[in-house]
Amino acid sequence: MKNMVIQVRTGTMMNMDTNVTVKLAQAALDKGYGVRIFGYGEAVTLIKNGQDPKRFPNVGKETKEMLAKGLEIVVCETCCKARGIHRGEEIEGTKIGSLTNDLSRFVAEGERMVTIAR
Amino acid sequence: MKSKLFIMLKSPHEFTGMDLMKSIGDGSNTAAILFEDAVIFAANAKKGKELQSAVKEVYVMKDDWEARGLPLAMPGFKIIDYPEAVDLIMERYEQTITV
C-alpha cells in the first residue's frame with residue numbers, strides 16, 4: 001500500500017489548514033492509500049480529546065472517524081509539553097511521539113509527503 | 001528531473017515564492033494546486049498569468065473556490081475535488097513542495 005504523509009504545523013481553528021489536512025486524508029483513505037499525519041507546533045491540538053468548536057468543523061471528531069479507516073496520527077511530544085498537553089489528553093488511538101522516531105519513520109516509509117504550513 | 005507539484009495556500013497578496021517556484025521547477029514537469037486563499041490567483045488575471053508562467057498546469061480546489069464565490073479570470077486553470085488532488089499527489093507527480 002502506498003502511503004501519503006501529511007506534515008501539518010497549524011493549529012485547529014487558526015485557519016483552514018487542519019481542515020485541508022483532514023479532507024485530503026479522508027480522500028486518500030477512501031482511495032485506498034495509507035495516510036499518516038504528523039502534527040508539529042500548534043498542530044498538536046489536532047489530537048486533543050474533547051474538542052467542541054461551535055462554529056468550525058470539528059477536526060477532532062473527523063480524526064476519530066479516520067482512525068477507524070486506518071489513519072495513523074502522531075504529534076510532537078516537545079510541542080505538546082510546551083503547550084501543557086499531556087499524555088492521557090489525546091484522542092484514543094492517536095499518539096504523542098517524536099520527530100526522530102515517528103516523523104523519520106513516516107518519511108522513510110511514505111511515497112509522498114505533503115506539508116500543510118505557512 | 002523529477003516532476004513537481006507545488007502546494008499553495010497563501011493569497012497572491014501575501015505570496016512571495018514565485019521566483020523560487022520558477023527556479024526549482026525549471027526544466028521539469030510542474031503544476032500547482034491552489035488551496036484556501038491561494039484560489040484568489042484564479043480570480044486575478046494579472047497574478048494568475050504570473051503563476052501560469054511559473055508552472056505548466058494549475059489546479060484549483062473546488063471547495064475553497066466555491067466558498068469564496070469569486071469569478072474565474074483564468075479559464076485555463078482546472079477546478080478539481082479532493083479525490084483528484086490525491087491522484088495528482090500520489091500518481092501524477094513525483095514530488096510535492098509547499099510554497
# chains A, B, ... in the order shown; residues from 1 in each chain; ligands from 1

call {"tool": "residues_around", "arguments": {"residues": "region 2-17 of chain A", "least_positions_apart": "3", "cutoff": "6 Å", "atoms": "only C-alpha atoms", "output": "list in words"}}
result
Val20, Tyr33, Gly34, Val35, Arg36, Ile37, Phe38, Gly39, Tyr40, Gly41, Glu42, Ala43, Thr45, Gly110, Glu111, Arg112, Met113, Val114, Thr115, Ile116 and Ala117 of chain A

call {"tool": "interface_residues", "arguments": {"of": "chain B", "to": "chain A", "cutoff": "6 Å", "atoms": "only C-alpha atoms", "output": "ChimeraX atom specification"}}
result
/B:82-83,86,98

call {"tool": "residues_around", "arguments": {"residues": "Glu92 (chain A)", "least_positions_apart": "3", "cutoff": "9 Å", "atoms": "only C-alpha atoms", "output": "VMD selection string"}}
result
chain A and resid 47 49 64 88 to 89 95

call {"tool": "select_by_dssp", "arguments": {"residues": "chain A", "states": "strand (DSSP E or B)", "output": "list in words"}}
result
Asn3, Met4, Val5, Ile6, Gln7, Val8, Gly34, Val35, Arg36, Ile37, Phe38, Gly39, Lys48, Glu72, Ile73, Val74, Val75, Cys76, Glu90, Lys95, Ile96, Gly97, Arg112, Met113, Val114, Thr115 and Ile116 of chain A

call {"tool": "residues_around", "arguments": {"residues": "Met8 (chain B)", "least_positions_apart": "3", "cutoff": "7 Å", "atoms": "only C-alpha atoms", "output": "ChimeraX atom specification"}}
result
/B:32-35,38,98-99

call {"tool": "atom_distance", "arguments": {"atom1": "CA of Lys46 (chain B)", "atom2": "CA of Met74 (chain B)"}}
result
9.5 Å

call {"tool": "residues_around", "arguments": {"residues": "Thr94 (chain A)", "least_positions_apart": "3", "cutoff": "9 Å", "atoms": "only C-alpha atoms", "output": "PyMOL selection string"}}
result
chain A and resi 47+63-64+67+72-75+90-91

call {"tool": "residues_around", "arguments": {"residues": "Arg87 (chain A)", "least_positions_apart": "5", "cutoff": "10 Å", "atoms": "only C-alpha atoms", "output": "CSV table (one decimal) with N, CA and C atoms, in the first residue's frame"}}
result
chain,number,residue,atom,x,y,z
A,48,LYS,N,-6.0,16.6,20.5
A,48,LYS,CA,-6.6,16.8,21.8
A,48,LYS,C,-8.0,16.3,21.9
A,77,GLU,N,6.0,15.4,20.9
A,77,GLU,CA,5.9,15.5,22.3
A,77,GLU,C,6.4,16.8,22.9
A,80,CYS,N,3.9,19.4,22.5
A,80,CYS,CA,2.8,19.2,23.5
A,80,CYS,C,3.1,19.7,24.8
A,81,LYS,N,4.3,19.3,25.3
A,81,LYS,CA,4.8,19.8,26.6
A,81,LYS,C,4.8,21.3,26.7
A,95,LYS,N,-1.2,9.3,18.9
A,95,LYS,CA,0.0,9.2,19.7
A,95,LYS,C,0.8,10.5,19.9
A,96,ILE,N,1.2,10.7,21.1
A,96,ILE,CA,2.2,11.8,21.3
A,96,ILE,C,3.6,11.1,21.2
A,97,GLY,N,4.3,11.5,20.1
A,97,GLY,CA,5.5,10.8,19.8
A,97,GLY,C,6.6,11.8,19.5

call {"tool": "atom_distance", "arguments": {"atom1": "CA of Phe41 (chain B)", "atom2": "CA of His13 (chain B)"}}
result
9.3 Å

call {"tool": "closest_residue", "arguments": {"among": "A:Arg105, A:Ile85, A:Pro53, A:Gly32", "to": "Lys69 (chain A)", "atoms": "only C-alpha atoms"}}
result
A:Gly32

call {"tool": "closest_residue", "arguments": {"among": "B:Ala42, B:Ala31, B:Ile24, B:Ala85", "to": "Val55 (chain B)", "atoms": "only C-alpha atoms"}}
result
B:Ala31

call {"tool": "closest_residue", "arguments": {"among": "B:Leu88, B:Arg68, B:Phe6, B:Ile79", "to": "Lys22 (chain B)", "atoms": "only C-alpha atoms"}}
result
B:Phe6

call {"tool": "closest_residue", "arguments": {"among": "B:Met1, B:Ile80, B:Leu20, B:Ile7", "to": "Asp64 (chain B)", "atoms": "only C-alpha atoms"}}
result
B:Ile80

call {"tool": "select_by_dssp", "arguments": {"residues": "region 16-90 of chain A", "states": "helix (DSSP H, G or I)", "output": "MDAnalysis selection string"}}
result
chainID A and resid 17:30 41:47 59:67 77:82

call {"tool": "write_last_selection", "arguments": {"atoms": "N, CA and C atoms", "output": "compact mmCIF listing (two decimals), in the first residue's frame"}}
result
# COMPACT_ATOMS: atom_id res chain seq x y z
N ASP A 17 -6.10 25.29 7.53
CA ASP A 17 -5.05 24.28 7.26
C ASP A 17 -5.41 22.89 7.78
N THR A 18 -5.91 22.82 9.01
CA THR A 18 -6.22 21.48 9.53
C THR A 18 -7.44 20.88 8.82
N ASN A 19 -8.33 21.74 8.33
CA ASN A 19 -9.48 21.24 7.57
C ASN A 19 -9.02 20.67 6.23
N VAL A 20 -8.07 21.36 5.58
CA VAL A 20 -7.49 20.85 4.34
C VAL A 20 -6.81 19.51 4.62
N THR A 21 -6.08 19.45 5.73
CA THR A 21 -5.38 18.21 6.10
C THR A 21 -6.37 17.05 6.24
N VAL A 22 -7.45 17.31 6.96
CA VAL A 22 -8.44 16.26 7.19
C VAL A 22 -9.12 15.83 5.89
N LYS A 23 -9.48 16.80 5.05
CA LYS A 23 -10.17 16.46 3.80
C LYS A 23 -9.26 15.68 2.85
N LEU A 24 -7.99 16.08 2.81
CA LEU A 24 -7.03 15.37 1.96
C LEU A 24 -6.82 13.95 2.47
N ALA A 25 -6.70 13.82 3.79
CA ALA A 25 -6.51 12.49 4.39
C ALA A 25 -7.71 11.61 4.13
N GLN A 26 -8.92 12.17 4.28
CA GLN A 26 -10.14 11.39 4.05
C GLN A 26 -10.20 10.89 2.61
N ALA A 27 -9.88 11.78 1.66
CA ALA A 27 -9.94 11.40 0.25
C ALA A 27 -8.90 10.32 -0.06
N ALA A 28 -7.72 10.44 0.52
CA ALA A 28 -6.66 9.44 0.27
C ALA A 28 -7.04 8.09 0.88
N LEU A 29 -7.58 8.10 2.09
CA LEU A 29 -8.03 6.84 2.71
C LEU A 29 -9.13 6.19 1.88
N ASP A 30 -10.07 7.01 1.40
CA ASP A 30 -11.18 6.47 0.60
C ASP A 30 -10.69 5.86 -0.71
N GLY A 41 4.36 21.78 16.19
CA GLY A 41 3.99 23.14 16.61
C GLY A 41 2.54 23.18 17.06
N GLU A 42 1.82 24.20 16.62
CA GLU A 42 0.42 24.36 17.05
C GLU A 42 -0.48 23.19 16.61
N ALA A 43 -0.03 22.43 15.63
CA ALA A 43 -0.86 21.33 15.10
C ALA A 43 -1.03 20.18 16.08
N VAL A 44 -0.34 20.23 17.21
CA VAL A 44 -0.56 19.18 18.22
C VAL A 44 -2.00 19.21 18.73
N THR A 45 -2.69 20.32 18.55
CA THR A 45 -4.09 20.42 19.01
C THR A 45 -5.01 19.48 18.22
N LEU A 46 -4.52 18.97 17.09
CA LEU A 46 -5.31 18.01 16.29
C LEU A 46 -5.75 16.81 17.12
N ILE A 47 -4.90 16.34 18.03
CA ILE A 47 -5.19 15.08 18.73
C ILE A 47 -5.77 15.30 20.13
N VAL A 59 -12.41 19.00 13.79
CA VAL A 59 -11.37 18.12 13.22
C VAL A 59 -11.03 16.98 14.16
N GLY A 60 -11.27 17.17 15.47
CA GLY A 60 -11.05 16.08 16.41
C GLY A 60 -11.99 14.92 16.13
N LYS A 61 -13.25 15.25 15.87
CA LYS A 61 -14.26 14.22 15.55
C LYS A 61 -13.91 13.55 14.23
N GLU A 62 -13.51 14.35 13.24
CA GLU A 62 -13.17 13.80 11.93
C GLU A 62 -11.93 12.91 12.03
N THR A 63 -10.99 13.31 12.90
CA THR A 63 -9.80 12.50 13.10
C THR A 63 -10.16 11.15 13.71
N LYS A 64 -11.05 11.16 14.69
CA LYS A 64 -11.51 9.90 15.31
C LYS A 64 -12.09 8.97 14.26
N GLU A 65 -12.91 9.54 13.36
CA GLU A 65 -13.56 8.71 12.33
C GLU A 65 -12.52 8.11 11.38
N MET A 66 -11.48 8.86 11.11
CA MET A 66 -10.46 8.36 10.18
C MET A 66 -9.57 7.29 10.82
N LEU A 67 -9.44 7.32 12.13
CA LEU A 67 -8.64 6.29 12.81
C LEU A 67 -9.21 4.90 12.51
N GLU A 77 5.98 15.44 20.88
CA GLU A 77 5.89 15.47 22.34
C GLU A 77 6.40 16.80 22.92
N THR A 78 7.51 17.27 22.40
CA THR A 78 8.08 18.53 22.91
C THR A 78 7.11 19.68 22.70
N CYS A 79 6.44 19.68 21.54
CA CYS A 79 5.46 20.74 21.24
C CYS A 79 4.26 20.62 22.18
N CYS A 80 3.88 19.38 22.52
CA CYS A 80 2.77 19.18 23.47
C CYS A 80 3.15 19.71 24.85
N LYS A 81 4.34 19.32 25.31
CA LYS A 81 4.77 19.76 26.64
C LYS A 81 4.78 21.28 26.73
N ALA A 82 5.25 21.91 25.68
CA ALA A 82 5.33 23.37 25.66
C ALA A 82 3.96 24.02 25.81
